[in-house]
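Coordinates from entry.csv are shown below (CSV, C-alpha atoms).
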chain,number,residue,atom,x,y,z
A,1,MET,CA,0.0,0.0,0.0
A,2,ASP,CA,1.4,3.4,-1.0
A,3,PRO,CA,-0.2,6.0,1.3
A,4,ALA,CA,0.6,8.8,-1.3
A,5,ARG,CA,-1.6,7.0,-3.9
A,6,PHE,CA,-4.3,5.7,-1.6
A,7,ASP,CA,-8.0,6.8,-1.9
A,8,ILE,CA,-9.8,6.2,1.3
A,9,VAL,CA,-13.3,7.1,0.0
A,10,THR,CA,-13.2,4.1,-2.4
A,11,LEU,CA,-13.2,1.6,0.6
A,12,PRO,CA,-16.4,-0.1,1.5
A,13,ILE,CA,-18.2,0.9,4.8
A,14,VAL,CA,-18.7,-1.8,7.4
A,15,GLU,CA,-19.9,-2.0,11.0
A,16,ILE,CA,-17.4,-2.8,13.8
A,17,GLU,CA,-18.0,-3.6,17.4
A,18,LEU,CA,-16.4,-0.9,19.6
A,19,SER,CA,-14.8,-3.5,21.9
A,20,ARG,CA,-12.6,-4.7,19.1
A,21,LEU,CA,-11.0,-1.2,18.5
A,22,SER,CA,-7.7,0.2,19.8
A,23,SER,CA,-6.4,3.7,19.9
A,24,VAL,CA,-3.0,3.4,21.6
A,25,ARG,CA,-1.0,4.5,18.6
A,26,SER,CA,-2.8,7.6,17.6
A,27,PRO,CA,-0.8,10.5,16.3
A,28,ARG,CA,-3.0,12.8,18.5
A,29,THR,CA,-0.8,12.7,21.7
A,30,SER,CA,-2.7,15.6,23.2
A,31,GLY,CA,-5.8,13.3,23.7
A,32,GLU,CA,-9.4,14.1,23.1
A,33,ASP,CA,-10.8,17.6,22.8
A,34,PRO,CA,-13.9,18.0,25.0
A,35,GLU,CA,-15.3,20.9,22.9
A,36,HIS,CA,-15.0,18.9,19.7
A,37,ILE,CA,-16.7,16.0,21.3
A,38,GLU,CA,-19.6,18.3,22.3
A,39,THR,CA,-19.8,19.6,18.8
A,40,LEU,CA,-20.1,16.0,17.4
A,41,LEU,CA,-22.7,15.1,20.0
A,42,SER,CA,-24.9,17.9,18.8
A,43,VAL,CA,-24.7,16.6,15.1
A,44,GLU,CA,-28.0,15.0,14.0
A,45,GLY,CA,-27.7,11.8,12.0
A,46,GLU,CA,-24.8,9.4,11.5
A,47,LEU,CA,-21.3,10.6,11.7
A,48,PRO,CA,-18.8,9.8,8.9
A,49,PRO,CA,-17.1,6.4,9.1
A,50,ILE,CA,-13.9,6.1,11.1
A,51,LEU,CA,-10.7,4.6,9.5
A,52,VAL,CA,-9.3,1.4,11.0
A,53,HIS,CA,-6.2,-0.6,10.3
A,54,ARG,CA,-7.5,-4.1,9.8
A,55,PRO,CA,-4.4,-6.2,11.0
A,56,THR,CA,-4.2,-4.3,14.4
A,57,MET,CA,-7.7,-2.9,14.7
A,58,GLN,CA,-6.1,0.4,15.4
A,59,VAL,CA,-8.2,3.5,14.9
A,60,LEU,CA,-6.3,5.7,12.3
A,61,ASP,CA,-8.9,8.5,12.1
A,62,GLY,CA,-12.0,9.1,14.2
A,63,LEU,CA,-11.0,9.0,17.9
A,64,HIS,CA,-13.6,11.7,18.7
A,65,ARG,CA,-16.3,9.9,16.7
A,66,LEU,CA,-15.4,6.7,18.7
A,67,LYS,CA,-15.7,8.6,21.9
A,68,VAL,CA,-19.1,10.0,20.9
A,69,ALA,CA,-20.3,6.5,20.0
A,70,ARG,CA,-19.3,5.3,23.5
A,71,ILE,CA,-21.0,8.2,25.2
A,72,ARG,CA,-24.2,7.5,23.3
A,73,GLY,CA,-24.1,3.9,24.4
A,74,ASP,CA,-23.6,2.5,21.0
A,75,THR,CA,-22.0,-1.0,20.7
A,76,LYS,CA,-21.0,-0.7,17.0
A,77,ILE,CA,-19.7,2.1,14.7
A,78,VAL,CA,-19.4,2.4,10.9
A,79,ALA,CA,-15.8,2.3,9.6
A,80,ARG,CA,-13.6,1.7,6.6
A,81,PHE,CA,-10.8,-0.9,6.8
A,82,VAL,CA,-7.3,-0.5,5.4
A,83,ASP,CA,-4.6,-3.1,5.2
A,84,GLY,CA,-0.9,-2.8,4.8
A,85,SER,CA,2.0,-2.2,7.2
A,86,GLU,CA,1.7,-0.4,10.5
A,87,SER,CA,4.1,2.3,9.3
A,88,ASP,CA,2.0,3.0,6.2
A,89,ALA,CA,-1.1,3.0,8.3
A,90,PHE,CA,0.4,5.6,10.6
A,91,VAL,CA,1.0,7.8,7.5
A,92,LEU,CA,-2.6,7.5,6.6
A,93,ALA,CA,-3.6,8.4,10.1
A,94,VAL,CA,-1.5,11.5,10.1
A,95,GLU,CA,-2.8,12.6,6.7
A,96,ALA,CA,-6.4,12.0,7.7
A,97,ASN,CA,-6.0,14.0,10.9
A,98,VAL,CA,-4.2,16.8,9.2
A,99,ARG,CA,-6.6,17.5,6.3
A,100,HIS,CA,-10.1,17.5,8.0
A,101,GLY,CA,-12.0,17.5,11.3
A,102,LEU,CA,-9.9,18.7,14.3
A,103,PRO,CA,-6.4,19.2,12.9
A,104,LEU,CA,-3.4,17.8,14.7
A,105,SER,CA,-1.4,20.3,16.8
A,106,LEU,CA,1.9,21.5,15.5
A,107,ALA,CA,3.8,19.5,18.1
A,108,ASP,CA,1.9,16.3,17.1
A,109,ARG,CA,2.6,17.0,13.4
A,110,LYS,CA,6.3,17.4,14.1
A,111,ARG,CA,6.4,14.2,16.2
A,112,ALA,CA,4.6,12.4,13.3
A,113,ALA,CA,7.2,13.8,10.9
A,114,VAL,CA,10.0,12.4,13.0
A,115,GLN,CA,8.3,9.0,13.1
A,116,ILE,CA,7.7,9.0,9.3
A,117,ILE,CA,11.3,10.0,8.6
A,118,GLY,CA,12.3,6.9,10.7
A,119,THR,CA,10.0,4.5,8.9
A,120,HIS,CA,10.3,6.0,5.4
A,121,PRO,CA,13.8,7.4,5.3
A,122,GLN,CA,13.7,7.2,1.5
A,123,TRP,CA,10.9,9.8,1.3
A,124,SER,CA,11.8,13.4,0.3
A,125,ASP,CA,11.3,16.3,2.7
A,126,ARG,CA,8.4,17.5,0.6
A,127,ARG,CA,6.7,14.2,0.6
A,128,VAL,CA,6.9,14.0,4.4
A,129,ALA,CA,5.8,17.6,4.6
A,130,THR,CA,2.7,16.9,2.5
A,131,ALA,CA,1.8,14.0,4.8
A,132,THR,CA,2.2,15.9,8.0
A,133,GLY,CA,1.1,19.4,7.1
A,134,ILE,CA,4.4,21.2,8.0
A,135,SER,CA,6.9,22.8,5.7
A,136,ALA,CA,9.6,20.9,3.9
A,137,GLY,CA,12.2,23.1,5.6
A,138,THR,CA,10.9,22.0,9.0
A,139,VAL,CA,11.1,18.4,7.9
A,140,ALA,CA,14.7,18.9,6.7
A,141,GLU,CA,15.6,20.4,10.1
A,142,LEU,CA,14.0,17.5,11.9
A,143,ARG,CA,15.9,15.1,9.7
A,144,ARG,CA,19.2,17.0,10.4
A,145,ILE,CA,18.6,17.0,14.1
A,146,GLY,CA,17.8,13.2,14.0
A,147,GLY,CA,21.0,12.6,12.0
A,148,ASP,CA,19.2,11.1,9.1
A,149,GLY,CA,20.9,12.6,6.0
A,150,GLY,CA,22.8,9.6,4.6
A,151,ASN,CA,20.5,8.5,1.8
A,152,GLU,CA,21.9,9.4,-1.6
A,153,ALA,CA,18.4,9.4,-3.2
A,154,ARG,CA,14.8,9.9,-2.0
A,155,ILE,CA,11.3,9.3,-3.3
A,156,GLY,CA,9.3,12.5,-4.1
A,157,ARG,CA,5.6,13.1,-3.9
A,158,ASP,CA,5.2,11.9,-7.5
A,159,GLY,CA,6.9,8.6,-6.8
A,160,ARG,CA,10.1,9.4,-8.7
A,161,ILE,CA,13.5,8.8,-7.2
A,162,ARG,CA,15.8,11.8,-7.1
A,163,PRO,CA,19.3,12.4,-5.7
A,164,VAL,CA,19.5,14.3,-2.4
A,165,ASP,CA,22.3,16.4,-3.7
A,166,GLY,CA,21.0,17.9,-6.9
A,167,SER,CA,23.6,20.7,-7.2
A,168,GLU,CA,25.2,19.4,-10.3
A,169,GLY,CA,21.9,19.0,-12.1
A,170,ARG,CA,21.0,22.5,-11.1
A,171,ARG,CA,24.2,23.9,-12.4
A,172,LEU,CA,23.7,22.1,-15.8
A,173,ALA,CA,20.2,23.4,-16.0
A,174,ALA,CA,21.4,26.9,-15.4
A,175,GLU,CA,23.9,26.6,-18.2
A,176,ILE,CA,21.2,25.4,-20.6
A,177,ILE,CA,18.7,28.1,-19.6
A,178,ARG,CA,21.4,30.8,-20.1
A,179,SER,CA,22.3,29.5,-23.5
A,180,ASP,CA,18.7,29.0,-24.7
A,181,PRO,CA,16.1,30.9,-22.5
A,182,GLY,CA,13.2,29.8,-24.8
A,183,LEU,CA,13.4,26.1,-23.8
A,184,SER,CA,10.4,24.8,-21.8
A,185,LEU,CA,10.8,23.4,-18.3
A,186,ARG,CA,10.3,19.9,-19.5
A,187,GLN,CA,12.9,20.3,-22.3
A,188,VAL,CA,15.5,21.4,-19.8
A,189,ALA,CA,14.5,18.7,-17.3
A,190,LYS,CA,14.8,16.0,-19.9
A,191,GLN,CA,18.3,17.1,-21.0
A,192,VAL,CA,19.6,17.3,-17.4
A,193,GLY,CA,17.7,14.4,-15.8
A,194,ILE,CA,16.0,16.5,-13.1
A,195,SER,CA,12.3,17.4,-12.4
A,196,PRO,CA,10.6,20.3,-14.2
A,197,GLU,CA,9.8,21.8,-10.8
A,198,THR,CA,13.5,21.9,-10.0
A,199,VAL,CA,14.2,23.6,-13.4
A,200,ARG,CA,11.4,26.1,-12.5
A,201,ASP,CA,13.3,26.9,-9.2
A,202,VAL,CA,16.6,27.3,-11.0
A,203,ARG,CA,15.0,29.6,-13.6
A,204,GLY,CA,13.5,31.7,-10.8
A,205,ARG,CA,16.8,32.0,-9.0
A,206,LEU,CA,18.5,33.1,-12.2
A,207,GLU,CA,15.8,35.7,-12.8
A,208,ARG,CA,16.4,37.1,-9.3
A,209,GLY,CA,20.2,37.1,-9.8
A,210,GLU,CA,20.8,34.2,-7.3
A,211,SER,CA,22.8,31.1,-7.5
A,212,PRO,CA,21.0,28.1,-9.1
A,213,THR,CA,21.7,26.1,-6.0
A,214,PRO,CA,20.0,26.9,-2.6
A,215,ASP,CA,23.3,27.0,-0.8
A,216,GLY,CA,25.1,29.1,-3.3
A,217,SER,CA,25.8,32.9,-3.2
A,218,ARG,CA,22.6,35.0,-3.2
A,219,HIS,CA,23.5,37.2,-6.1
A,220,LEU,CA,25.4,36.7,-9.4
A,221,ARG,CA,26.9,39.2,-11.8
A,222,ALA,CA,24.3,40.7,-14.0
A,223,GLU,CA,26.0,39.6,-17.2
A,224,SER,CA,26.0,36.0,-16.1
A,225,HIS,CA,22.3,35.5,-16.8
A,226,PRO,CA,20.1,37.0,-19.5
A,227,LEU,CA,16.9,36.5,-17.5
A,228,ARG,CA,16.1,39.3,-15.1
A,229,TRP,CA,13.1,39.7,-12.9
A,230,ARG,CA,12.7,41.8,-9.7
A,231,GLU,CA,13.1,39.6,-6.7
A,232,PRO,CA,9.7,38.7,-5.2
A,233,ASP,CA,9.2,39.2,-1.5
A,234,PHE,CA,6.1,38.3,0.5
A,235,GLY,CA,6.5,41.4,2.6
A,236,ARG,CA,6.7,43.9,-0.3
A,237,ALA,CA,4.3,45.3,-2.8
A,238,LEU,CA,3.7,43.1,-5.9
A,239,ASP,CA,6.3,43.5,-8.7
A,240,ARG,CA,5.2,46.4,-11.0
A,241,ASP,CA,6.4,44.5,-14.0
A,242,ARG,CA,4.1,41.6,-13.2
A,243,LEU,CA,1.2,44.0,-12.8
A,244,ALA,CA,2.0,45.5,-16.1
A,245,VAL,CA,1.9,42.1,-17.7
A,246,LEU,CA,-1.5,41.4,-16.1
A,247,GLU,CA,-2.9,44.7,-17.5
A,248,ARG,CA,-1.8,43.7,-21.0
A,249,LEU,CA,-3.5,40.3,-20.5
A,250,LYS,CA,-6.7,42.0,-19.5
A,251,ALA,CA,-6.6,44.1,-22.6
A,252,ASP,CA,-6.1,41.1,-24.9
A,253,PRO,CA,-9.4,40.4,-26.8
A,254,ALA,CA,-8.5,36.7,-26.9
A,255,LEU,CA,-8.9,36.5,-23.2
A,256,ARG,CA,-11.2,39.5,-22.4
A,257,LEU,CA,-13.9,38.4,-24.9
A,258,THR,CA,-14.0,34.6,-24.1
A,259,GLU,CA,-15.5,32.9,-21.1
A,260,ALA,CA,-12.4,30.8,-20.4
A,261,GLY,CA,-10.2,33.9,-20.8
A,262,ARG,CA,-12.3,35.9,-18.3
A,263,ILE,CA,-12.1,33.1,-15.8
A,264,LEU,CA,-8.3,33.0,-16.2
A,265,LEU,CA,-8.0,36.7,-15.8
A,266,ARG,CA,-10.1,36.6,-12.6
A,267,MET,CA,-7.9,33.9,-11.2
A,268,LEU,CA,-4.7,35.8,-12.0
A,269,ALA,CA,-6.1,39.0,-10.5
A,270,MET,CA,-7.1,37.2,-7.4
A,271,HIS,CA,-3.5,36.1,-6.8
A,272,SER,CA,-2.0,39.5,-7.8
A,273,ILE,CA,-2.3,41.2,-4.5
A,274,ASP,CA,0.5,43.0,-2.7
A,275,GLY,CA,2.5,41.8,0.3
A,276,GLN,CA,0.5,43.7,2.9
A,277,GLU,CA,-2.7,42.1,1.7
A,278,TRP,CA,-1.1,38.6,1.9
A,279,GLU,CA,0.1,39.4,5.4
A,280,ARG,CA,-3.5,40.5,6.4
A,281,ILE,CA,-4.9,37.3,5.0
A,282,LEU,CA,-2.2,35.2,6.7
A,283,HIS,CA,-2.9,36.6,10.1
A,284,GLY,CA,-6.6,36.3,9.5
A,285,VAL,CA,-6.5,32.5,9.5
A,286,PRO,CA,-7.5,31.1,12.9
A,287,PRO,CA,-4.7,29.0,14.4
A,288,TYR,CA,-6.8,25.8,14.5
A,289,LEU,CA,-7.3,26.1,10.7
A,290,CYS,CA,-3.7,26.9,9.7
A,291,SER,CA,-2.8,23.3,8.7
A,292,VAL,CA,-6.0,22.8,6.8
A,293,VAL,CA,-5.6,26.1,4.8
A,294,ALA,CA,-1.9,25.2,4.3
A,295,GLY,CA,-2.9,21.9,2.8
A,296,PHE,CA,-5.3,23.7,0.4
A,297,ALA,CA,-2.6,26.2,-0.5
A,298,ARG,CA,-0.1,23.5,-1.4
A,299,ASP,CA,-2.7,21.6,-3.4
A,300,HIS,CA,-3.6,24.7,-5.4
A,301,ALA,CA,0.1,25.5,-5.9
A,302,GLN,CA,0.6,22.1,-7.4
A,303,VAL,CA,-2.4,22.7,-9.7
A,304,TRP,CA,-0.9,25.9,-10.9
A,305,THR,CA,2.5,24.2,-11.4
A,306,GLU,CA,0.8,21.5,-13.6
A,307,PHE,CA,-1.1,24.1,-15.4
A,308,ALA,CA,2.1,26.0,-16.2
A,309,ASP,CA,3.8,22.8,-17.4
A,310,ARG,CA,1.0,21.9,-19.7
A,311,LEU,CA,1.0,25.4,-21.2
A,312,GLU,CA,4.7,25.2,-21.9
A,313,ASN,CA,4.3,21.7,-23.4
A,314,ARG,CA,1.5,23.0,-25.6
A,315,VAL,CA,3.8,25.7,-27.0
A,316,THR,CA,6.5,23.2,-27.6
A,317,ASP,CA,4.2,20.8,-29.3
A,318,MET,CA,2.8,23.5,-31.6
A,319,ALA,CA,6.4,24.6,-32.5
A,320,ALA,CA,7.3,21.0,-33.3
A,321,GLY,CA,4.1,20.5,-35.4
Structure encoded using structure tokens:
Amino acid sequence: MDPARFDIVTLPIVEIELSRLSSVRSPRTSGEDPEHIETLLSVEGELPPILVHRPTMQVLDGLHRLKVARIRGDTKIVARFVDGSESDAFVLAVEANVRHGLPLSLADRKRAAVQIIGTHPQWSDRRVATATGISAGTVAELRRIGGDGGNEARIGRDGRIRPVDGSEGRRLAAEIIRSDPGLSLRQVAKQVGISPETVRDVRGRLERGESPTPDGSRHLRAESHPLRWREPDFGRALDRDRLAVLERLKADPALRLTEAGRILLRMLAMHSIDGQEWERILHGVPPYLCSVVAGFARDHAQVWTEFADRLENRVTDMAAG
């Protein structure tokens, strides 16, 4: 069972006797939340099924629903069974508790990340971050503190194996981008043997005058790269050049006069807000929803990345045809 490619909602729903269930290995170390239990008790009708690891009968997701069933005097509860190893089942438990219901606390998510690093050392920092709802940087720091940095390659969120030290690939990608800026992300990625997302990061670093590798010097000589874009900063106003591009797009009849074009323009405008507005939105998210919103943000970022890749592929295919 690969937790990253597992769809829980496809599992059949069954009834299980409460006496058969265990909750000793829950990622929620802080215990049950009385207010959340009260909220669930006030819900009319049947609550969603819990998630149970069949080999151990461990409750992976639904401890509060289990508590409500016991308070109500129920002897059975609806559930979905999953099989597989206990380590993979723990990952599913963390993912389920991060993405809906009452989110795991930051401390619980960090503890979960440490455990997943131990059981899945081949996973990339981003893949562990996606499962636990914390940043890839935090995962990297937890991995460093734990002394787990010896793997030469790790498995990413897309299931592909990539080397931990990608500095050489980044340098090669930078050379190709400088020599031919018109190449698409996938074209550069194919030549070098790295992911399109890594190429995107390298291109962005060159545009900002930075080294293609994260640990390199921050700024390069201006003549060393032909691509130049003002460095973005979350705390600053939006780049005027980008705003100017957006205004040109709004004036283009091919977008302005078609339904699909207008939808795209609205989406681009929605994200084209300045740093102060982003900060206001950031601080307006309640703490108990931070991990949920972060998950949505990462998912939407991935959608935009795939959208950009398909656009570039479309241009490449048209040029080749």
* Residue contacts of range 11-23 of chain A (8 Å, all atoms listed in the file) excluding same-chain residues fewer than 2 positions away, as a PyMOL selection string -> chain A and resi 7-9+25-26+49+56-60+63+66+70+75-82
* Taking (-3.8, 22.1, 7.2) in the file's coordinates, which residues come within 6 Å, counting all atoms listed in the file, written as a count of residues only? -> 9
* **All residues 9 Å or closer to Val202 in chain A, all atoms listed in the file, same chain fewer than 4 positions away omitted, as a VMD selection string** => chain A and resid 170 to 171 173 to 174 177 197 to 198 206 to 207 210 to 213
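Counting all atoms listed in the file, the residue from A:Ser179, A:Thr132, A:Ser167, A:Asn313 that sits nearest to Pro214 in chain A is A:Ser167.
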* **Best match for closeness to Glu38 in chain A among A:Lys67, A:Ile50, A:Leu185, A:Phe296, counting only C-alpha atoms** =>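 Of A:Lys67, A:Ile50, A:Leu185, A:Phe296, the one nearest Glu38 in chain A is A:Lys67, counting only C-alpha atoms.
With all atoms listed in the file taken into account, the protein and nucleic acid residues at most 12 Å from Ser105 in chain A (excluding it and anything under 4 positions from it in its own chain) are A:Pro27, A:Arg28, A:Thr29, A:Ser30, A:Gly31, A:Glu32, A:Asp33, A:Val94, A:Asn97, A:Val98, A:Arg109, A:Lys110, A:Arg111, A:Ala112, A:Thr132, A:Gly133, A:Ile134, A:Pro287, A:Tyr288, A:Leu289, A:Cys290, A:Ser291, A:Val292.
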* Asked: Could you state the separation of CA of Val52 in chain A and CA of Ala96 in chain A in Å, given to one decimal place?
  -> 11.5 Å
